[in-house]
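Okay, query_17.cif is below, mmCIF, C-alpha atoms:
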```
data_structure
#
loop_
_atom_site.label_atom_id
_atom_site.label_comp_id
_atom_site.auth_asym_id
_atom_site.auth_seq_id
_atom_site.Cartn_x
_atom_site.Cartn_y
_atom_site.Cartn_z
CA MET I 1 -26.16 25.00 -2.39
CA LYS I 2 -26.74 21.62 -0.68
CA LYS I 3 -29.20 20.64 -3.42
CA LEU I 4 -26.64 21.51 -6.09
CA ILE I 5 -23.99 19.46 -4.34
CA LEU I 6 -26.38 16.54 -4.02
CA SER I 7 -27.38 16.74 -7.70
CA LEU I 8 -23.74 16.70 -8.78
CA ALA I 9 -22.88 13.73 -6.59
CA PRO I 10 -24.14 11.02 -9.02
CA LEU I 11 -22.12 12.61 -11.83
CA ALA I 12 -19.03 12.54 -9.67
CA VAL I 13 -19.60 8.86 -8.92
CA LEU I 14 -20.01 8.08 -12.63
CA ALA I 15 -16.82 9.97 -13.46
CA ALA I 16 -14.93 8.06 -10.77
CA VAL I 17 -16.25 4.72 -12.04
CA SER I 18 -15.31 5.64 -15.62
CA ALA I 19 -11.82 6.64 -14.54
CA ALA I 20 -11.43 3.34 -12.67
CA HIS I 21 -12.47 1.44 -15.80
CA ALA I 22 -9.88 3.35 -17.84
CA GLN I 23 -7.15 2.55 -15.32
CA ASP I 24 -8.00 -1.15 -15.14
CA TYR I 25 -8.84 -1.67 -18.83
CA PRO I 26 -7.75 -3.85 -20.44
CA ALA I 27 -6.87 -6.33 -17.70
CA LYS I 28 -3.85 -8.48 -18.52
CA ASP I 29 -5.66 -11.69 -17.64
CA LYS I 30 -8.59 -11.02 -19.98
CA VAL I 31 -9.09 -11.38 -23.74
CA VAL I 32 -10.59 -8.81 -26.08
CA THR I 33 -12.80 -10.56 -28.64
CA ILE I 34 -13.62 -9.06 -32.03
CA VAL I 35 -16.80 -10.66 -33.36
CA VAL I 36 -16.99 -11.00 -37.15
CA PRO I 37 -20.54 -11.70 -38.40
CA PHE I 38 -19.28 -13.75 -41.37
CA SER I 39 -17.43 -17.01 -41.95
CA ALA I 40 -13.69 -17.38 -41.49
CA GLY I 41 -11.51 -16.80 -44.54
CA GLY I 42 -13.53 -14.03 -46.18
CA PRO I 43 -12.43 -10.40 -46.70
CA THR I 44 -14.05 -9.12 -43.47
CA ASP I 45 -12.46 -11.93 -41.47
CA ARG I 46 -9.06 -11.01 -42.95
CA VAL I 47 -9.51 -7.37 -41.97
CA ALA I 48 -10.45 -8.38 -38.42
CA ARG I 49 -7.44 -10.67 -37.97
CA ASP I 50 -5.06 -8.03 -39.30
CA LEU I 51 -6.61 -5.44 -36.99
CA ALA I 52 -6.48 -7.77 -33.98
CA GLU I 53 -2.75 -8.10 -34.48
CA ALA I 54 -2.26 -4.34 -34.94
CA MET I 55 -4.29 -3.46 -31.82
CA ARG I 56 -2.40 -5.73 -29.40
CA LYS I 57 0.46 -3.30 -28.83
CA PRO I 58 -1.58 -0.11 -28.25
CA MET I 59 -3.87 -2.20 -26.00
CA GLY I 60 -0.93 -2.98 -23.75
CA GLY I 61 -0.14 -6.41 -25.17
CA VAL I 62 -3.45 -7.98 -24.18
CA SER I 63 -4.71 -10.89 -26.31
CA VAL I 64 -7.08 -9.81 -29.09
CA VAL I 65 -8.88 -12.68 -30.84
CA VAL I 66 -11.49 -13.10 -33.57
CA ASP I 67 -14.80 -14.93 -33.14
CA ASN I 68 -16.78 -15.76 -36.29
CA ALA I 69 -20.57 -15.70 -35.78
CA ALA I 70 -22.05 -15.90 -39.27
CA GLY I 71 -25.64 -15.89 -40.49
CA ALA I 72 -28.73 -13.83 -41.31
CA GLY I 73 -26.97 -11.18 -43.37
CA GLY I 74 -24.51 -10.44 -40.57
CA SER I 75 -27.19 -9.79 -37.95
CA ILE I 76 -26.44 -12.84 -35.76
CA GLY I 77 -22.92 -11.66 -34.94
CA ALA I 78 -24.05 -8.06 -34.55
CA ASN I 79 -26.80 -9.11 -32.13
CA LYS I 80 -24.26 -11.13 -30.12
CA VAL I 81 -22.28 -7.94 -29.51
CA ALA I 82 -25.35 -5.76 -28.94
CA LYS I 83 -26.38 -8.10 -26.10
CA ALA I 84 -22.87 -8.57 -24.68
CA ASN I 85 -21.60 -7.17 -21.39
CA PRO I 86 -20.57 -3.55 -22.18
CA ASP I 87 -17.14 -3.86 -20.59
CA GLY I 88 -14.93 -3.40 -23.66
CA TYR I 89 -14.02 -7.07 -24.02
CA THR I 90 -16.52 -7.92 -26.78
CA LEU I 91 -16.38 -5.81 -29.95
CA LEU I 92 -17.95 -5.98 -33.41
CA LEU I 93 -16.17 -5.54 -36.72
CA HIS I 94 -18.77 -5.15 -39.46
CA HIS I 95 -18.82 -3.87 -43.01
CA ILE I 96 -21.39 -1.93 -45.06
CA GLY I 97 -23.96 -4.36 -43.64
CA MET I 98 -24.34 -2.02 -40.66
CA ALA I 99 -26.04 0.37 -43.07
CA THR I 100 -28.03 -2.20 -45.04
CA MET I 101 -29.26 -4.51 -42.24
CA PRO I 102 -32.02 -2.14 -41.05
CA THR I 103 -33.70 -2.51 -44.46
CA LEU I 104 -32.35 -5.81 -45.73
CA VAL I 105 -32.89 -8.07 -42.70
CA ARG I 106 -36.42 -8.59 -41.41
CA ASN I 107 -37.07 -7.94 -37.72
CA ILE I 108 -33.48 -7.54 -36.51
CA PRO I 109 -33.45 -7.69 -32.69
CA PHE I 110 -31.36 -4.55 -32.20
CA LYS I 111 -31.07 -0.99 -33.44
CA VAL I 112 -27.99 -0.05 -35.42
CA ASP I 113 -28.13 3.60 -34.38
CA SER I 114 -28.71 3.15 -30.64
CA ASP I 115 -27.48 -0.29 -29.48
CA PHE I 116 -23.80 0.26 -30.26
CA GLU I 117 -20.99 2.65 -29.40
CA TYR I 118 -19.20 3.68 -32.60
CA LEU I 119 -15.40 3.51 -32.31
CA GLY I 120 -14.18 4.48 -35.79
CA LEU I 121 -14.06 3.52 -39.46
CA ILE I 122 -11.23 1.20 -40.52
CA ASN I 123 -10.92 0.93 -44.29
CA GLU I 124 -12.66 1.06 -47.66
CA VAL I 125 -12.49 -1.47 -50.50
CA PRO I 126 -13.19 -0.28 -54.07
CA MET I 127 -15.44 -2.21 -56.45
CA THR I 128 -15.04 -3.04 -60.14
CA LEU I 129 -17.63 -3.64 -62.85
CA ILE I 130 -16.61 -6.73 -64.81
CA GLY I 131 -18.09 -8.88 -67.58
CA ARG I 132 -17.73 -12.32 -69.14
CA PRO I 133 -14.75 -12.64 -71.51
CA THR I 134 -17.01 -13.22 -74.55
CA LEU I 135 -19.18 -10.16 -73.96
CA PRO I 136 -19.16 -8.07 -77.20
CA ALA I 137 -18.20 -4.77 -75.56
CA GLY I 138 -14.59 -3.72 -75.14
CA ASN I 139 -15.12 -0.58 -73.03
CA TYR I 140 -17.75 1.06 -70.84
CA LYS I 141 -19.30 3.11 -73.66
CA ALA I 142 -19.76 -0.02 -75.76
CA LEU I 143 -21.12 -1.82 -72.70
CA THR I 144 -23.89 0.73 -72.14
CA LYS I 145 -24.85 0.42 -75.81
CA TRP I 146 -24.97 -3.36 -75.46
CA ILE I 147 -27.06 -3.10 -72.28
CA GLY I 148 -29.53 -0.84 -74.09
CA GLU I 149 -29.85 -3.33 -76.93
CA ASN I 150 -30.36 -6.32 -74.63
CA LYS I 151 -32.86 -5.12 -72.03
CA GLY I 152 -34.48 -8.00 -70.19
CA LYS I 153 -31.84 -10.48 -71.35
CA ILE I 154 -28.88 -9.61 -69.09
CA ASN I 155 -27.84 -11.77 -66.14
CA LEU I 156 -26.16 -9.93 -63.28
CA GLY I 157 -24.37 -12.24 -60.87
CA ASN I 158 -23.74 -11.70 -57.17
CA ALA I 159 -22.34 -13.55 -54.16
CA GLY I 160 -25.70 -13.73 -52.39
CA VAL I 161 -28.42 -11.41 -51.10
CA GLY I 162 -26.87 -8.61 -49.09
CA SER I 163 -23.34 -9.25 -50.36
CA ALA I 164 -21.13 -6.44 -51.63
CA SER I 165 -21.65 -7.57 -55.23
CA HIS I 166 -25.42 -7.66 -54.73
CA LEU I 167 -25.52 -4.11 -53.34
CA CYS I 168 -23.27 -2.74 -56.07
CA GLY I 169 -25.42 -4.44 -58.71
CA LEU I 170 -28.58 -2.89 -57.26
CA LEU I 171 -27.04 0.58 -57.32
CA PHE I 172 -25.78 0.07 -60.89
CA GLN I 173 -29.23 -0.94 -62.14
CA ASN I 174 -30.81 1.94 -60.26
CA ALA I 175 -28.36 4.42 -61.80
CA LEU I 176 -28.96 3.08 -65.32
CA LYS I 177 -32.72 2.76 -64.71
CA THR I 178 -32.46 -0.70 -66.26
CA ASP I 179 -33.63 -4.04 -64.85
CA MET I 180 -31.35 -7.05 -65.11
CA THR I 181 -31.92 -10.61 -63.94
CA PRO I 182 -30.12 -11.11 -60.60
CA VAL I 183 -28.34 -14.45 -60.23
CA PRO I 184 -27.37 -15.02 -56.57
CA TYR I 185 -24.65 -17.53 -55.67
CA LYS I 186 -23.37 -18.92 -52.37
CA GLY I 187 -20.24 -16.81 -52.42
CA THR I 188 -17.99 -14.98 -54.85
CA GLY I 189 -16.10 -18.13 -55.93
CA PRO I 190 -18.94 -19.86 -57.80
CA ALA I 191 -20.20 -16.54 -59.18
CA MET I 192 -16.76 -15.75 -60.61
CA THR I 193 -16.47 -19.26 -62.07
CA ASP I 194 -19.75 -18.82 -63.96
CA LEU I 195 -18.79 -15.32 -65.12
CA ILE I 196 -15.51 -16.62 -66.53
CA GLY I 197 -17.40 -19.51 -68.13
CA GLY I 198 -19.96 -17.20 -69.72
CA GLN I 199 -23.01 -18.44 -67.79
CA ILE I 200 -23.67 -14.89 -66.50
CA ASP I 201 -22.94 -11.57 -68.15
CA LEU I 202 -21.89 -9.03 -65.52
CA MET I 203 -20.85 -8.66 -61.91
CA CYS I 204 -19.76 -5.79 -59.68
CA ASP I 205 -17.43 -6.94 -56.93
CA GLN I 206 -14.59 -5.93 -54.62
CA THR I 207 -11.08 -5.47 -55.95
CA THR I 208 -10.02 -8.13 -53.45
CA ASN I 209 -11.94 -10.64 -55.57
CA THR I 210 -11.53 -9.24 -59.08
CA THR I 211 -8.00 -7.88 -59.53
CA SER I 212 -6.29 -11.24 -60.13
CA GLN I 213 -8.95 -12.23 -62.69
CA ILE I 214 -8.55 -8.90 -64.48
CA GLU I 215 -4.76 -9.29 -64.52
CA ALA I 216 -5.12 -12.78 -65.98
CA LYS I 217 -7.56 -11.43 -68.59
CA LYS I 218 -10.14 -14.02 -67.57
CA VAL I 219 -12.82 -11.30 -67.38
CA GLN I 220 -13.36 -7.94 -69.03
CA ALA I 221 -13.09 -4.89 -66.77
CA TYR I 222 -15.15 -1.77 -67.47
CA ALA I 223 -14.97 0.67 -64.57
CA VAL I 224 -14.29 1.26 -60.89
CA THR I 225 -16.81 2.56 -58.37
CA THR I 226 -14.60 5.14 -56.64
CA THR I 227 -14.65 8.90 -57.25
CA LYS I 228 -11.05 8.77 -58.53
CA ARG I 229 -9.22 6.25 -60.66
CA LEU I 230 -7.22 3.63 -58.77
CA GLY I 231 -3.44 3.58 -58.84
CA THR I 232 -2.88 -0.18 -58.89
CA PRO I 233 -1.20 -1.46 -62.10
CA ALA I 234 -4.06 -3.75 -63.16
CA LEU I 235 -6.76 -1.10 -62.64
CA LYS I 236 -5.09 2.27 -63.29
CA ASP I 237 -6.52 2.61 -66.82
CA LEU I 238 -10.12 1.88 -65.81
CA PRO I 239 -12.44 4.91 -65.75
CA THR I 240 -14.72 5.60 -62.82
CA LEU I 241 -18.44 5.07 -63.33
CA GLN I 242 -18.87 8.67 -62.24
CA GLU I 243 -16.65 10.04 -65.02
CA SER I 244 -18.38 7.65 -67.42
CA GLY I 245 -21.69 9.41 -66.90
CA LEU I 246 -23.26 7.96 -63.74
CA ALA I 247 -23.41 11.07 -61.57
CA ASN I 248 -22.51 10.63 -57.88
CA PHE I 249 -21.96 6.89 -58.32
CA GLN I 250 -19.73 5.69 -55.51
CA VAL I 251 -19.62 2.32 -53.77
CA THR I 252 -16.94 1.15 -51.39
CA ILE I 253 -17.16 -1.70 -48.93
CA TRP I 254 -16.10 -0.17 -45.65
CA HIS I 255 -15.45 -1.70 -42.25
CA GLY I 256 -15.98 -0.18 -38.80
CA LEU I 257 -15.43 -1.14 -35.17
CA TYR I 258 -18.19 -1.09 -32.51
CA ALA I 259 -18.77 -1.80 -28.83
CA PRO I 260 -22.04 -2.58 -27.01
CA LYS I 261 -24.15 0.37 -25.90
CA GLY I 262 -23.25 1.47 -22.39
CA THR I 263 -19.54 0.74 -22.62
CA PRO I 264 -17.90 3.23 -20.23
CA ALA I 265 -16.70 6.43 -21.91
CA ALA I 266 -13.13 5.95 -20.74
CA VAL I 267 -13.05 2.42 -22.18
CA GLN I 268 -14.49 3.70 -25.46
CA LYS I 269 -11.71 6.29 -25.61
CA LYS I 270 -9.05 3.66 -24.96
CA LEU I 271 -10.46 1.53 -27.76
CA SER I 272 -10.84 4.44 -30.18
CA ASP I 273 -7.31 5.69 -29.47
CA SER I 274 -5.90 2.18 -29.89
CA LEU I 275 -7.76 1.84 -33.20
CA LYS I 276 -6.23 5.08 -34.50
CA ILE I 277 -2.74 3.85 -33.60
CA ALA I 278 -3.43 0.51 -35.31
CA LEU I 279 -4.59 2.27 -38.49
CA LYS I 280 -1.18 3.97 -38.71
CA ASP I 281 0.75 0.74 -38.24
CA PRO I 282 2.90 0.23 -41.42
CA GLU I 283 2.43 -3.53 -41.33
CA PHE I 284 -1.36 -3.21 -41.04
CA ILE I 285 -1.42 -0.71 -43.93
CA LYS I 286 0.71 -3.05 -46.05
CA LYS I 287 -1.60 -5.99 -45.37
CA GLN I 288 -4.67 -3.92 -46.23
CA GLU I 289 -3.12 -2.73 -49.47
CA GLY I 290 -2.51 -6.38 -50.29
CA LEU I 291 -6.26 -6.92 -49.98
CA GLY I 292 -6.96 -3.96 -52.27
CA ALA I 293 -8.24 -1.92 -49.31
CA VAL I 294 -7.50 1.70 -48.45
CA VAL I 295 -7.00 2.42 -44.74
CA VAL I 296 -9.07 5.38 -43.50
CA THR I 297 -7.06 8.49 -42.60
CA ASP I 298 -9.80 11.14 -42.48
CA LYS I 299 -12.12 12.34 -39.71
CA ARG I 300 -14.25 9.20 -39.97
CA MET I 301 -11.70 7.58 -37.64
CA GLU I 302 -13.47 9.60 -34.94
CA PRO I 303 -16.50 7.93 -33.29
CA ALA I 304 -18.94 10.81 -33.96
CA GLU I 305 -17.96 11.08 -37.63
CA HIS I 306 -18.11 7.30 -38.00
CA LYS I 307 -21.71 7.34 -36.74
CA LYS I 308 -22.66 10.22 -39.06
CA PHE I 309 -21.17 8.33 -42.01
CA VAL I 310 -23.17 5.17 -41.25
CA ALA I 311 -26.37 7.22 -40.91
CA ALA I 312 -25.74 8.72 -44.35
CA GLU I 313 -25.15 5.24 -45.78
CA ILE I 314 -28.45 4.00 -44.33
CA THR I 315 -30.21 6.91 -46.05
CA LYS I 316 -28.44 6.05 -49.31
CA TRP I 317 -29.18 2.32 -49.38
CA SER I 318 -32.64 2.07 -47.83
CA PRO I 319 -34.69 3.26 -50.83
CA ILE I 320 -32.62 1.18 -53.25
CA ILE I 321 -33.13 -2.03 -51.25
CA LYS I 322 -36.83 -1.31 -50.72
CA ALA I 323 -37.34 -0.67 -54.43
CA ALA I 324 -35.67 -3.98 -55.25
CA GLY I 325 -37.87 -5.82 -52.71
CA VAL I 326 -35.09 -8.11 -51.50
CA TYR I 327 -34.48 -9.52 -48.03
CA ALA I 328 -31.79 -11.58 -46.34
CA ASP I 329 -33.39 -14.22 -44.11
#
```
Translate this structure into structure tokens?
Amino acid sequence: MKKLILSLAPLAVLAAVSAAHAQDYPAKDKVVTIVVPFSAGGPTDRVARDLAEAMRKPMGGVSVVVDNAAGAGGSIGANKVAKANPDGYTLLLHHIGMATMPTLVRNIPFKVDSDFEYLGLINEVPMTLIGRPTLPAGNYKALTKWIGENKGKINLGNAGVGSASHLCGLLFQNALKTDMTPVPYKGTGPAMTDLIGGQIDLMCDQTTNTTSQIEAKKVQAYAVTTTKRLGTPALKDLPTLQESGLANFQVTIWHGLYAPKGTPAAVQKKLSDSLKIALKDPEFIKKQEGLGAVVVTDKRMEPAEHKKFVAAEITKWSPIIKAAGVYAD
């Protein structure tokens, strides 16, 4: 009996420490920092700033700020959090890059599956397949015919290696079993400018970047990458690539929230619970809809389901990236 009591003692101490963390966290005189591994002003930065605002109230009014740590395909910011003190005051908000970094970035100094505590998925952003305004194909069926007639001559633009548009383009080529010439740019802006000007033929990018151009009829829109058609006025008549014949084709740019490995369980729960409350905030939902994003409402808000989802995404993207032989340095 004494041995049993002694063996349970460390567990009791850990439980007491965790409870103390929960009671004290977050301290009013401290700041919770959400690290974004991309530059300020982009879609992921916008999501983080909206979330920081929405999480202040459920976190007891503590200050929640955003720190941009860009570079190396998002791995610099992620590594900053992986190596941070696991006290709940340094978090990571990352997108689909959490699933692509293990294959896309050479020698990353952390492990996506074991160096972070998963707190929950935040949102998903649909993608659209668009083309230059002079492209001689008025719908997706005509586009596939044109692609078949112009093999080896098609330029497929993207916002840089590892970007959402790059990943969607890789999956599109893989699904069609057709090679196109990738044309990487330093961001969506210059890529869109050249698409509108006719210097490149096609691009697959987030609705946050394409909807206004589609509405203005500056580009041709062919399909969306979701399993169901979108309800927004500019995109409601676009078919899905899946219904157009590309079986199981689905790409959304999702965002999730993470803490360093070893963050106390009680602190993780406080963060996860606060995230769930933030995701139901009407103002946060309205802001996300304005970005063309859909706030997550399913079981992927739960840490365990979030981690399972990312693991499935790694399995999905790894062979596609390896086959393309691309890397983000």
Open item on the list: I'd like the residues picked by the PyMOL selection byres ((chain I and resi 135) around 9) written out as a PyMOL selection string, using the chain letters and numbers from the file.
Closed with: chain I and resi 131-134+136-138+143+198+201-202+220
Can you list every residue of stretch 140-215 of chain I that has an atom at most 10 Å from stretch 281-298 of chain I, with its nearest atom pair and the distance in Å to one decimal, using all atoms listed in the file, ordered by chain then number, as a Markdown table?
```
| residue | atom | partner | partner_atom | distance |
| --- | --- | --- | --- | --- |
| I:Gln206 | CA | I:Gly292 | CA | 8.2 |
| I:Thr207 | CA | I:Gly292 | CA | 5.7 |
| I:Thr208 | CA | I:Leu291 | CA | 5.3 |
| I:Asn209 | CA | I:Leu291 | CA | 8.8 |
| I:Thr210 | CA | I:Gly292 | CA | 9.8 |
| I:Thr211 | CA | I:Gly292 | CA | 8.3 |
```
Open item on the list: Just want the 9 Å neighbourhood of I:Val112, counted on only C-alpha atoms, with same-chain residues fewer than 5 positions away dropped. Output as a ChimeraX atom specification.
Closed with: /I:78,98-99,101-102
Open item on the list: Since I can't run it myself right now, could you work out what the PyMOL selection byres ((chain I and resi 165) around 12) selects here and report it as a ChimeraX atom specification?
Closed with: /I:96,125-130,156-164,166-172,182-189,191-192,202-210,225,251-253
File dump, residues just selected, C-alpha atoms, as a PDB file, keeping the file's coordinate frame:
```
ATOM      1  CA  ILE I  96     -21.390  -1.930 -45.060  1.00  0.00           C
ATOM      2  CA  VAL I 125     -12.490  -1.470 -50.500  1.00  0.00           C
ATOM      3  CA  PRO I 126     -13.190  -0.280 -54.070  1.00  0.00           C
ATOM      4  CA  MET I 127     -15.440  -2.210 -56.450  1.00  0.00           C
ATOM      5  CA  THR I 128     -15.040  -3.040 -60.140  1.00  0.00           C
ATOM      6  CA  LEU I 129     -17.630  -3.640 -62.850  1.00  0.00           C
ATOM      7  CA  ILE I 130     -16.610  -6.730 -64.810  1.00  0.00           C
ATOM      8  CA  LEU I 156     -26.160  -9.930 -63.280  1.00  0.00           C
ATOM      9  CA  GLY I 157     -24.370 -12.240 -60.870  1.00  0.00           C
ATOM     10  CA  ASN I 158     -23.740 -11.700 -57.170  1.00  0.00           C
ATOM     11  CA  ALA I 159     -22.340 -13.550 -54.160  1.00  0.00           C
ATOM     12  CA  GLY I 160     -25.700 -13.730 -52.390  1.00  0.00           C
ATOM     13  CA  VAL I 161     -28.420 -11.410 -51.100  1.00  0.00           C
ATOM     14  CA  GLY I 162     -26.870  -8.610 -49.090  1.00  0.00           C
ATOM     15  CA  SER I 163     -23.340  -9.250 -50.360  1.00  0.00           C
ATOM     16  CA  ALA I 164     -21.130  -6.440 -51.630  1.00  0.00           C
ATOM     17  CA  HIS I 166     -25.420  -7.660 -54.730  1.00  0.00           C
ATOM     18  CA  LEU I 167     -25.520  -4.110 -53.340  1.00  0.00           C
ATOM     19  CA  CYS I 168     -23.270  -2.740 -56.070  1.00  0.00           C
ATOM     20  CA  GLY I 169     -25.420  -4.440 -58.710  1.00  0.00           C
ATOM     21  CA  LEU I 170     -28.580  -2.890 -57.260  1.00  0.00           C
ATOM     22  CA  LEU I 171     -27.040   0.580 -57.320  1.00  0.00           C
ATOM     23  CA  PHE I 172     -25.780   0.070 -60.890  1.00  0.00           C
ATOM     24  CA  PRO I 182     -30.120 -11.110 -60.600  1.00  0.00           C
ATOM     25  CA  VAL I 183     -28.340 -14.450 -60.230  1.00  0.00           C
ATOM     26  CA  PRO I 184     -27.370 -15.020 -56.570  1.00  0.00           C
ATOM     27  CA  TYR I 185     -24.650 -17.530 -55.670  1.00  0.00           C
ATOM     28  CA  LYS I 186     -23.370 -18.920 -52.370  1.00  0.00           C
ATOM     29  CA  GLY I 187     -20.240 -16.810 -52.420  1.00  0.00           C
ATOM     30  CA  THR I 188     -17.990 -14.980 -54.850  1.00  0.00           C
ATOM     31  CA  GLY I 189     -16.100 -18.130 -55.930  1.00  0.00           C
ATOM     32  CA  ALA I 191     -20.200 -16.540 -59.180  1.00  0.00           C
ATOM     33  CA  MET I 192     -16.760 -15.750 -60.610  1.00  0.00           C
ATOM     34  CA  LEU I 202     -21.890  -9.030 -65.520  1.00  0.00           C
ATOM     35  CA  MET I 203     -20.850  -8.660 -61.910  1.00  0.00           C
ATOM     36  CA  CYS I 204     -19.760  -5.790 -59.680  1.00  0.00           C
ATOM     37  CA  ASP I 205     -17.430  -6.940 -56.930  1.00  0.00           C
ATOM     38  CA  GLN I 206     -14.590  -5.930 -54.620  1.00  0.00           C
ATOM     39  CA  THR I 207     -11.080  -5.470 -55.950  1.00  0.00           C
ATOM     40  CA  THR I 208     -10.020  -8.130 -53.450  1.00  0.00           C
ATOM     41  CA  ASN I 209     -11.940 -10.640 -55.570  1.00  0.00           C
ATOM     42  CA  THR I 210     -11.530  -9.240 -59.080  1.00  0.00           C
ATOM     43  CA  THR I 225     -16.810   2.560 -58.370  1.00  0.00           C
ATOM     44  CA  VAL I 251     -19.620   2.320 -53.770  1.00  0.00           C
ATOM     45  CA  THR I 252     -16.940   1.150 -51.390  1.00  0.00           C
ATOM     46  CA  ILE I 253     -17.160  -1.700 -48.930  1.00  0.00           C
TER      47      ILE I 253
END
```
- [ ] Have a look at atom CA of I:Lys141 and atom CA of I:Ala216 and let me know their distance in Å, one decimal.
- [x] 22.6 Å
- [ ] Would you mind telling me which residue in I:Lys57, I:Lys80, I:Lys307, I:Lys151 lies nearest to I:Asp273 when using only C-alpha atoms?
- [x] I:Lys57
Open item on the list: Need the shell around I:Val310: protein/DNA/RNA residues with any atom at most 12 Å away, counting all atoms listed in the file. Skip same-chain ones fewer than 3 positions apart. Format as a ChimeraX atom specification?
Closed with: /I:94-102,112-113,118-121,253-258,300,303-307,313-318
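Proximity to I:Ala52 was assessed for I:Asn174, I:Ser39, I:Ser75, I:Thr33 counting all atoms listed in the file; the smallest distance is recorded for I:Thr33.
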TODO: Could you expand the PyMOL selection byres ((chain I and resi 65) around 7) into the explicit residues it covers here, written as a VMD selection string?
DONE: chain I and resid 32 to 34 52 63 to 64 66 to 67
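Shortest atom-to-atom contact with I:Pro239 among I:Ile196, I:Gly41, I:Met301, I:Tyr140: I:Tyr140, counting only C-alpha atoms.
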